[in-house]
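So this one's upload12.txt, compact mmCIF, C-alpha atoms:
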```txt
# COMPACT_ATOMS: atom_id res chain seq x y z
CA MET A 1198 7.98 13.79 9.74
CA ILE A 1199 5.12 15.06 7.63
CA ALA A 1200 3.72 17.66 10.06
CA GLU A 1201 6.47 20.11 9.21
CA GLU A 1202 5.72 19.93 5.49
CA LEU A 1203 1.98 20.11 6.13
CA ALA A 1204 2.54 23.24 8.23
CA LEU A 1205 4.49 24.80 5.36
CA TYR A 1206 1.60 23.91 3.06
CA LEU A 1207 -0.89 25.61 5.39
CA HIS A 1208 1.39 28.64 5.44
CA ALA A 1209 1.48 28.67 1.62
CA LYS A 1210 -2.31 28.43 1.51
CA GLY A 1211 -2.57 31.54 3.69
CA HIS A 1212 -3.87 29.90 6.83
CA GLY A 1213 -1.16 31.25 9.08
CA THR A 1214 2.44 32.33 9.42
CA GLU A 1215 5.01 29.97 10.87
CA GLY A 1216 6.32 31.13 14.20
CA VAL A 1217 3.69 33.86 14.46
CA ASP A 1218 0.34 32.07 14.57
CA LEU A 1219 1.25 28.70 13.06
CA PHE A 1220 3.30 26.28 15.15
CA LEU A 1221 4.81 22.81 14.86
CA ASN A 1222 4.49 20.15 17.58
CA PHE A 1223 4.14 22.72 20.38
CA GLN A 1224 1.26 25.04 21.15
CA PRO A 1225 2.52 28.15 22.96
CA ASP A 1226 0.28 30.02 25.39
CA ILE A 1227 0.35 33.11 23.22
CA PRO A 1228 -1.01 34.23 20.84
CA ASP A 1229 -4.58 33.31 21.70
CA ASN A 1230 -5.49 32.67 18.10
CA CYS A 1231 -3.23 30.11 16.47
CA ILE A 1232 -2.88 26.88 14.54
CA THR A 1233 -0.68 24.02 15.74
CA VAL A 1234 0.28 20.97 13.71
CA TYR A 1235 1.45 17.83 15.47
CA ASP A 1236 3.05 14.60 14.28
CA GLU A 1237 1.27 11.60 15.72
CA SER A 1238 1.13 7.86 15.28
CA ALA A 1239 -0.86 6.15 12.54
CA PRO A 1240 -1.82 2.58 11.66
CA VAL A 1241 0.87 0.67 9.78
CA LEU A 1242 0.11 -0.12 6.17
CA GLU A 1243 0.66 -3.79 5.42
CA GLU A 1244 2.65 -2.92 2.32
CA SER A 1245 5.02 -0.77 4.38
CA ASN A 1246 6.83 -3.96 5.34
CA ALA A 1247 7.95 -4.48 1.74
CA LEU A 1248 7.37 -1.30 -0.22
CA SER A 1249 8.92 2.14 0.21
CA VAL A 1250 5.85 3.73 1.69
CA ASP A 1251 4.91 4.81 5.21
CA GLN A 1252 1.79 6.19 6.79
CA PHE A 1253 2.19 9.11 9.18
CA GLY A 1254 -0.38 10.68 11.43
CA VAL A 1255 -0.88 14.41 11.77
CA GLN A 1256 -3.15 16.49 13.98
CA VAL A 1257 -4.25 20.06 13.41
CA ILE A 1258 -5.49 22.14 16.34
CA VAL A 1259 -7.00 25.57 15.88
CA ARG A 1260 -7.41 27.81 18.91
CA ASN A 1261 -9.37 31.05 18.96
CA THR A 1262 -11.04 33.26 21.50
CA VAL A 1263 -14.16 33.11 19.35
CA GLY A 1264 -15.56 29.61 18.93
CA THR A 1265 -17.05 30.17 15.48
CA ALA A 1266 -13.79 31.67 14.24
CA ALA A 1267 -11.97 28.50 15.30
CA SER A 1268 -14.50 26.24 13.58
CA ASP A 1269 -14.52 28.37 10.43
CA LEU A 1270 -10.74 28.29 10.18
CA ILE A 1271 -10.37 24.56 10.73
CA MET A 1272 -13.08 23.88 8.17
CA SER A 1273 -11.20 26.07 5.73
CA ILE A 1274 -8.03 24.08 6.46
CA HIS A 1275 -9.95 20.82 6.12
CA ARG A 1276 -11.15 21.83 2.67
CA ASP A 1277 -7.52 22.34 1.62
CA LEU A 1278 -6.41 18.98 3.05
CA ALA A 1279 -9.21 16.48 2.36
CA GLY A 1280 -8.47 14.58 -0.84
CA PHE A 1281 -4.91 15.91 -1.11
CA GLY A 1282 -2.51 13.56 -2.87
CA GLY A 1283 -0.27 12.80 -5.81
CA LYS A 1284 2.18 15.56 -4.93
CA PRO A 1285 4.29 16.83 -2.05
CA PHE A 1286 2.99 19.43 0.37
CA VAL A 1287 5.90 21.67 -0.59
CA ALA A 1288 8.27 21.70 -3.55
CA GLY A 1289 11.06 19.22 -2.94
CA GLY A 1290 9.19 17.58 -0.08
CA SER A 1291 8.11 14.00 0.42
CA MET A 1292 5.69 12.59 -2.15
CA VAL A 1293 2.28 12.30 -0.47
CA SER A 1294 0.36 9.73 -2.45
CA ALA A 1295 -2.80 10.30 -0.42
CA LEU A 1296 -4.04 12.09 2.67
CA PHE A 1297 -6.82 10.27 4.47
CA ILE A 1298 -9.22 11.75 7.03
CA ALA A 1299 -8.86 10.07 10.41
CA THR A 1300 -11.35 12.33 12.17
CA PRO A 1301 -12.97 15.38 10.59
CA PRO A 1302 -12.94 18.73 12.41
CA THR A 1303 -14.51 18.58 15.83
CA SER A 1304 -14.61 20.73 18.93
CA ILE A 1305 -12.55 19.69 21.93
CA GLY A 1306 -14.05 22.39 24.14
CA ILE A 1307 -12.27 25.36 25.70
CA ASP A 1308 -8.92 25.52 27.43
CA ASP A 1309 -8.26 26.87 30.92
CA LYS A 1310 -8.29 30.41 29.56
CA GLY A 1311 -11.65 30.03 27.87
CA ARG A 1312 -10.28 29.77 24.34
CA ALA A 1313 -12.12 27.48 21.95
CA GLU A 1314 -10.18 24.62 20.39
CA TRP A 1315 -11.06 22.57 17.33
CA THR A 1316 -9.08 19.65 16.00
CA ALA A 1317 -8.87 17.27 13.06
CA HIS A 1318 -6.67 14.21 12.45
CA TYR A 1319 -5.28 12.89 9.17
CA TYR A 1320 -3.19 9.97 7.90
CA ALA A 1321 -0.65 10.73 5.19
CA ARG A 1322 0.52 7.92 2.89
CA VAL A 1323 4.04 9.02 2.08
CA GLU A 1324 6.57 7.53 -0.31
CA SER A 1325 9.97 6.78 1.18
CA THR A 1326 13.32 7.10 -0.59
CA GLY A 1327 16.72 5.53 0.00
CA ASP A 1328 15.44 2.42 1.73
CA SER A 1329 18.01 -0.33 2.20
CA PHE A 1330 15.61 -3.24 1.87
CA ARG A 1331 12.23 -2.05 0.69
CA ASN A 1332 11.42 -1.76 -3.02
CA MET B 597 18.36 -21.10 8.12
CA PRO B 598 16.56 -17.77 8.37
CA ALA B 599 12.98 -17.19 7.28
CA VAL B 600 12.62 -15.49 3.92
CA LYS B 601 11.10 -12.04 4.14
CA PHE B 602 8.88 -10.74 1.37
CA ALA B 603 10.74 -7.42 1.24
CA GLY B 604 13.17 -7.44 -1.66
CA THR B 605 11.08 -9.83 -3.75
CA ILE B 606 11.28 -9.04 -7.45
CA ILE B 607 8.62 -9.92 -10.02
CA GLU B 608 9.58 -9.47 -13.65
CA LEU B 609 7.33 -9.84 -16.65
CA GLU B 610 9.24 -10.28 -19.91
CA ASN B 611 12.33 -8.92 -18.08
CA GLU B 612 10.49 -5.76 -16.97
CA VAL B 613 10.22 -5.32 -13.21
CA VAL B 614 6.63 -5.00 -12.01
CA ALA B 615 6.63 -2.20 -9.43
CA LYS B 616 5.01 -2.16 -5.99
CA VAL B 617 4.11 -5.82 -5.72
CA THR B 618 2.51 -6.50 -2.34
CA SER B 619 1.62 -10.15 -2.69
CA PHE B 620 2.76 -13.19 -4.65
CA ASN B 621 1.26 -16.63 -4.52
CA ARG B 622 2.27 -19.83 -6.31
CA SER B 623 -0.04 -22.78 -6.02
CA VAL B 624 0.25 -26.39 -7.20
CA SER B 625 -2.82 -28.57 -7.39
CA ILE B 626 -2.87 -32.30 -8.05
CA SER B 627 -5.81 -34.12 -9.58
CA GLU B 628 -6.42 -37.61 -8.30
CA GLU B 629 -8.44 -40.62 -9.35
CA GLU B 630 -9.82 -43.27 -7.05
CA VAL B 631 -8.67 -46.79 -7.93
CA THR B 632 -10.11 -48.66 -4.96
CA GLY B 633 -10.88 -52.28 -5.73
CA ALA B 634 -12.68 -55.04 -3.88
CA GLU B 635 -9.36 -56.47 -2.70
CA ASP B 636 -8.32 -53.23 -0.94
CA VAL B 637 -9.77 -54.23 2.40
CA ILE B 638 -8.37 -53.31 5.77
CA PRO B 639 -6.94 -56.61 7.07
CA GLY B 640 -9.28 -58.44 9.38
CA THR B 641 -12.28 -56.30 8.41
CA ASP B 642 -14.80 -55.98 5.60
CA VAL B 643 -14.05 -52.27 5.23
CA LEU B 644 -12.35 -50.92 2.11
CA GLN B 645 -9.18 -48.85 2.35
CA GLN B 646 -9.55 -46.19 -0.36
CA GLN B 647 -6.73 -46.04 -2.91
CA PHE B 648 -5.92 -43.05 -5.13
CA VAL B 649 -3.42 -42.22 -7.85
CA SER B 650 -2.40 -38.78 -9.03
CA THR B 651 -3.41 -38.10 -12.60
CA SER B 652 -2.28 -34.55 -13.33
CA VAL B 653 -0.50 -31.60 -11.80
CA GLY B 654 -1.55 -28.00 -12.40
CA GLU B 655 0.19 -24.84 -11.30
CA THR B 656 -0.93 -21.23 -10.98
CA ALA B 657 0.61 -18.04 -9.70
CA SER B 658 -1.00 -14.77 -8.67
CA VAL B 659 0.39 -11.33 -8.07
CA GLU B 660 -1.07 -8.24 -6.39
CA GLY B 661 0.26 -4.74 -6.06
CA ILE B 662 -0.26 -1.01 -5.78
CA ALA B 663 -0.87 0.81 -9.06
CA ILE B 664 1.56 3.62 -9.75
CA GLU B 665 1.10 6.06 -12.57
CA ASP B 666 2.78 9.25 -13.69
CA GLU B 667 0.90 12.14 -15.24
CA LEU B 668 3.36 12.30 -18.12
CA SER B 669 4.58 8.73 -18.67
CA GLY B 670 1.43 6.85 -17.60
CA LEU B 671 1.33 3.51 -15.84
CA ASP B 672 4.53 1.87 -14.58
CA GLU B 673 6.15 -0.05 -17.46
CA GLY B 674 6.05 -3.42 -15.72
CA GLN B 675 2.46 -2.98 -14.58
CA SER B 676 1.55 -1.85 -18.09
CA GLN B 677 3.10 -4.99 -19.61
CA LEU B 678 1.24 -7.16 -17.12
CA ARG B 679 -2.08 -5.54 -18.02
CA ASP B 680 -1.38 -5.83 -21.75
CA ALA B 681 -0.38 -9.49 -21.44
CA ALA B 682 -3.58 -10.25 -19.54
CA GLU B 683 -5.81 -8.35 -21.96
CA SER B 684 -4.30 -10.09 -24.97
CA GLY B 685 -4.03 -13.58 -23.49
CA ALA B 686 -0.42 -13.68 -24.63
CA ILE B 687 2.08 -16.34 -23.60
CA VAL B 688 4.61 -14.56 -21.40
CA THR B 689 7.35 -15.32 -18.91
CA ILE B 690 7.32 -14.25 -15.28
CA LYS B 691 10.33 -14.27 -13.01
CA HIS B 692 9.73 -14.58 -9.29
CA ILE B 693 12.93 -13.96 -7.36
CA ARG B 694 13.03 -13.90 -3.57
CA ASN B 695 15.50 -11.65 -1.75
CA THR B 696 17.84 -14.63 -1.46
CA GLY B 697 18.21 -14.74 -5.24
CA TYR B 698 16.30 -18.01 -5.60
CA GLY B 699 13.07 -18.27 -7.52
CA TYR B 700 11.36 -19.51 -10.67
CA LEU B 701 11.08 -18.53 -14.30
CA MET B 702 7.53 -19.39 -15.32
CA THR B 703 5.95 -19.48 -18.76
CA GLY B 704 2.21 -19.29 -19.27
CA PHE B 705 -0.62 -16.80 -19.61
CA PHE B 706 -2.87 -14.70 -17.43
CA THR B 707 -6.26 -16.17 -16.66
CA SER B 708 -7.58 -13.06 -14.90
CA TYR B 709 -6.65 -9.46 -14.24
CA GLU B 710 -8.30 -6.91 -12.00
CA GLU B 711 -7.87 -3.25 -11.14
CA SER B 712 -9.66 -1.81 -8.15
CA GLY B 713 -9.81 1.36 -6.13
CA GLU B 714 -11.87 2.74 -3.31
CA ALA B 715 -12.47 6.11 -1.69
CA GLY B 716 -10.44 5.29 1.39
CA GLY B 717 -7.40 3.88 -0.36
CA VAL B 718 -5.24 3.74 -3.46
CA TYR B 719 -5.66 1.83 -6.71
CA LYS B 720 -4.51 -1.79 -6.70
CA PHE B 721 -4.09 -4.46 -9.34
CA SER B 722 -4.05 -8.23 -9.30
CA GLY B 723 -3.57 -10.98 -11.83
CA SER B 724 -3.75 -14.77 -11.90
CA PHE B 725 -1.36 -16.70 -14.09
CA ARG B 726 -1.46 -20.24 -15.46
CA VAL B 727 1.99 -21.82 -15.32
CA ASN B 728 2.70 -24.24 -18.14
CA ASN B 729 6.46 -24.50 -17.70
CA LYS B 730 8.88 -23.39 -15.07
CA ALA B 731 12.60 -23.41 -14.42
CA GLU B 732 14.37 -22.84 -11.17
CA ILE B 733 16.44 -19.69 -10.71
CA VAL B 734 19.50 -19.80 -8.48
CA PRO B 735 21.60 -16.81 -7.39
CA GLY B 736 23.94 -15.66 -10.11
CA SER B 737 22.17 -17.53 -12.88
```
As C-alpha cells:
Amino acid sequence: MIAEELALYLHAKGHGTEGVDLFLNFQPDIPDNCITVYDESAPVLEESNALSVDQFGVQVIVRNTVGTAASDLIMSIHRDLAGFGGKPFVAGGSMVSALFIATPPTSIGIDDKGRAEWTAHYYARVESTGDSFRN
Amino acid sequence: MPAVKFAGTIIELENEVVAKVTSFNRSVSISEEEVTGAEDVIPGTDVLQQQFVSTSVGETASVEGIAIEDELSGLDEGQSQLRDAAESGAIVTIKHIRNTGYGYLMTGFFTSYEESGEAGGVYKFSGSFRVNNKAEIVPGS
C-alpha cells in the first residue's frame, strides 16, 4: 500500500534512513530514536465504487528519548506531508492526487521504556491502474 | 436480471468521453392540466373526482464528476468540451451508456454548469442538460 512509498519519500526528504531509523509497519525496540510508518484503514470514497481511485490510511509514529525532539521531528515531517498531492511520493510510484490530514501530530505519551512517542494520521487519495471494471 | 451497477458507465459529449463521472441523472417531468367538470362526481356523492390530462413532457439530464487536469495538456478533453458547450449554450449530443451497452443518445443544451472545490477535497464539476431529442442505444449499435 501507500505507506511504503511514503516511507521512501520521508527517506528522500532526509527524515530518516530505511532499515536504520525509519521502519515500515513494524516498530522495533531498537534504536530508541526512530520513525515508523504504518498502513491503516481509511474511509471509502464514494467514487471508489466506480472510478479508479482508492483512499488509503497511513500513520506516522516518531519515537525519541527526548520528548521535544520527537515533537520537532514529527512537525517537520508534517510540514512535508500536509498539502501533498498531484504527484507520486517516489518516481514511478502510485499517483497521489491528494493527501488529507486525518489527525495532526499529537503526543501519545511514553512507552514502557520512557521514550516519548508522537503520531499523526493521514488519508491518501491514490489513483489506481489496471482495474477490470472501474473507469 | 441483475441490477445495473454504475461502474463502467460511459458519458460521451460529441463522441468525446467525459472522464471521472461520479453521478448521472435523467429526469422526465410531465405537465398536467386539470379538466374536472361538474359531471365528474363520485357516484352516490356530491364530491368531485378530480380529472387531469397530461399536456407536455420535459426531460433533463445531469452529470457530476471529478475534475482532472494535467500540467501540460490542461483539463481532460471530454470535461473541457462539456465546459465549453455549457459556456456557449451550444446544441450538443450526449451519449449515456450503461455497462450493459444500453443507453440513450440525447440532443440538447446545457442549462447550468458548475465547478467547485474545497480545502478538504478535490475539484468537482457538474452540469445540467435540457434534452430535446433522444434515441435509444442498444449494444452493438
Requested in this report: With a cut-off of 12 Å and counting only C-alpha atoms, select all residues of chain A in contact with chain B and give the selection as a ChimeraX atom specification.
Outcome: /A:1242-1250,1252,1279-1280,1282-1284,1293-1299,1320-1322,1324,1328-1332
For this session: Considering all atoms listed in the file, return as a ChimeraX atom specification whatever protein or nucleic-acid residues lie within 6 Å of range 1226-1238 of chain A, sequence-local ones (same chain, fewer than 6 positions apart) excluded.
Result: /A:1200,1218-1220,1254-1261
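Residues within 12 Å of Val688 in chain B, counting all atoms listed in the file and excluding same-chain residues fewer than 4 positions away, are Glu608, Leu609, Glu610, Asn611, Glu612, Gln677, Leu678, Arg679, Asp680, Ala681, Ala682, Ser684, Leu701, Met702, Thr703, Gly704, Phe705, Phe706, Thr707, Phe725, Arg726, Val727, Asn728, Asn729 and Lys730 of chain B.
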Show me as a ChimeraX atom specification the residues that reach within 7 Å of (11.0, 11.1, -2.8), counting all atoms listed in the file and using the file's own coordinates. /A:1291-1292,1324-1326
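For the pair CA of His1318 in chain A and CA of Thr1303 in chain A, the interatomic distance is 9.6 Å.
Put simply, CA of Asp1309 in chain A is 28.8 Å away from CA of Arg1276 in chain A.
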- request: For Thr632 in chain B, list every protein, DNA or RNA residue within 10 Å, evaluated using only C-alpha atoms, and leave out those in the same chain fewer than 6 positions away; present the list as a VMD selection string.
  value: chain B and resid 644 to 649
Go ahead and save the picked residues with C-alpha atoms, as a short mmCIF file (atom, residue, chain, number, x, y, z; two decimals), keeping the file's coordinate frame.
```cif
data_model
loop_
_atom_site.label_atom_id
_atom_site.label_comp_id
_atom_site.auth_asym_id
_atom_site.auth_seq_id
_atom_site.Cartn_x
_atom_site.Cartn_y
_atom_site.Cartn_z
CA LEU B 644 -12.35 -50.92 2.11
CA GLN B 645 -9.18 -48.85 2.35
CA GLN B 646 -9.55 -46.19 -0.36
CA GLN B 647 -6.73 -46.04 -2.91
CA PHE B 648 -5.92 -43.05 -5.13
CA VAL B 649 -3.42 -42.22 -7.85
#
```
Separating CA of Ile733 in chain B from CA of Arg694 in chain B, to the nearest tenth of an Å, is a gap of 9.8 Å
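In terms of minimum interatomic distance to Thr1316 in chain A, A:Asp1269 ranks closest within A:Asp1277, A:Glu1215, A:Asp1269, A:Glu1201, counting all atoms listed in the file.
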For Gly723 in chain B, the closest of B:Leu671, B:Val653, B:Phe620, B:Tyr700 counting all atoms listed in the file is B:Phe620
Of A:Leu1278, A:Val1263, A:Ile1271, A:Val1217, the one nearest to Tyr1319 in chain A when counting all atoms listed in the file is A:Leu1278
Please report, as lines of an AutoDock Vina configuration file, the centre and edge lengths in Å to one decimal of an axis-aligned box covering all listed atoms of range 1291-1299 of chain A with 5 Å per side.
```
center_x = -0.6
center_y = 11.9
center_z = 4.0
size_x = 27.3
size_y = 14.3
size_z = 22.9
```
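Residues with any atom within 6 Å of the point (7.4, -1.5, -13.7), counting only C-alpha atoms, are Val613, Val614, Ala615, Asp672, Glu673, Gly674 and Gln675 of chain B.
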Add whatever atoms are absent from range 1308-1323 of chain A to reach N, CA and C atoms, and provide the output as a compact mmCIF listing (two decimals), in the coordinates of the input.
```
# COMPACT_ATOMS: atom_id res chain seq x y z
N ASP A 1308 -10.05 25.78 26.53
CA ASP A 1308 -8.92 25.52 27.43
C ASP A 1308 -9.12 26.29 28.74
N ASP A 1309 -8.10 26.25 29.60
CA ASP A 1309 -8.26 26.87 30.92
C ASP A 1309 -8.34 28.38 30.86
N LYS A 1310 -8.14 28.95 29.70
CA LYS A 1310 -8.29 30.41 29.56
C LYS A 1310 -9.53 30.76 28.75
N GLY A 1311 -10.38 29.78 28.54
CA GLY A 1311 -11.65 30.03 27.87
C GLY A 1311 -11.56 30.12 26.36
N ARG A 1312 -10.44 29.69 25.79
CA ARG A 1312 -10.28 29.77 24.34
C ARG A 1312 -10.78 28.48 23.69
N ALA A 1313 -11.55 28.65 22.63
CA ALA A 1313 -12.12 27.48 21.95
C ALA A 1313 -11.05 26.75 21.16
N GLU A 1314 -11.13 25.41 21.17
CA GLU A 1314 -10.18 24.62 20.39
C GLU A 1314 -10.94 23.62 19.53
N TRP A 1315 -10.52 23.55 18.29
CA TRP A 1315 -11.06 22.57 17.33
C TRP A 1315 -9.89 21.75 16.79
N THR A 1316 -10.16 20.51 16.48
CA THR A 1316 -9.08 19.65 16.00
C THR A 1316 -9.56 18.73 14.88
N ALA A 1317 -8.60 18.28 14.08
CA ALA A 1317 -8.87 17.27 13.06
C ALA A 1317 -7.60 16.41 12.93
N HIS A 1318 -7.81 15.14 12.59
CA HIS A 1318 -6.67 14.21 12.45
C HIS A 1318 -6.65 13.64 11.03
N TYR A 1319 -5.44 13.43 10.53
CA TYR A 1319 -5.28 12.89 9.17
C TYR A 1319 -4.17 11.83 9.17
N TYR A 1320 -4.26 10.92 8.17
CA TYR A 1320 -3.19 9.97 7.90
C TYR A 1320 -2.61 10.30 6.54
N ALA A 1321 -1.31 10.44 6.48
CA ALA A 1321 -0.65 10.73 5.19
C ALA A 1321 0.11 9.48 4.72
N ARG A 1322 -0.21 9.04 3.51
CA ARG A 1322 0.52 7.92 2.89
C ARG A 1322 1.67 8.53 2.11
N VAL A 1323 2.87 8.29 2.58
CA VAL A 1323 4.04 9.02 2.08
C VAL A 1323 5.07 8.05 1.49
```
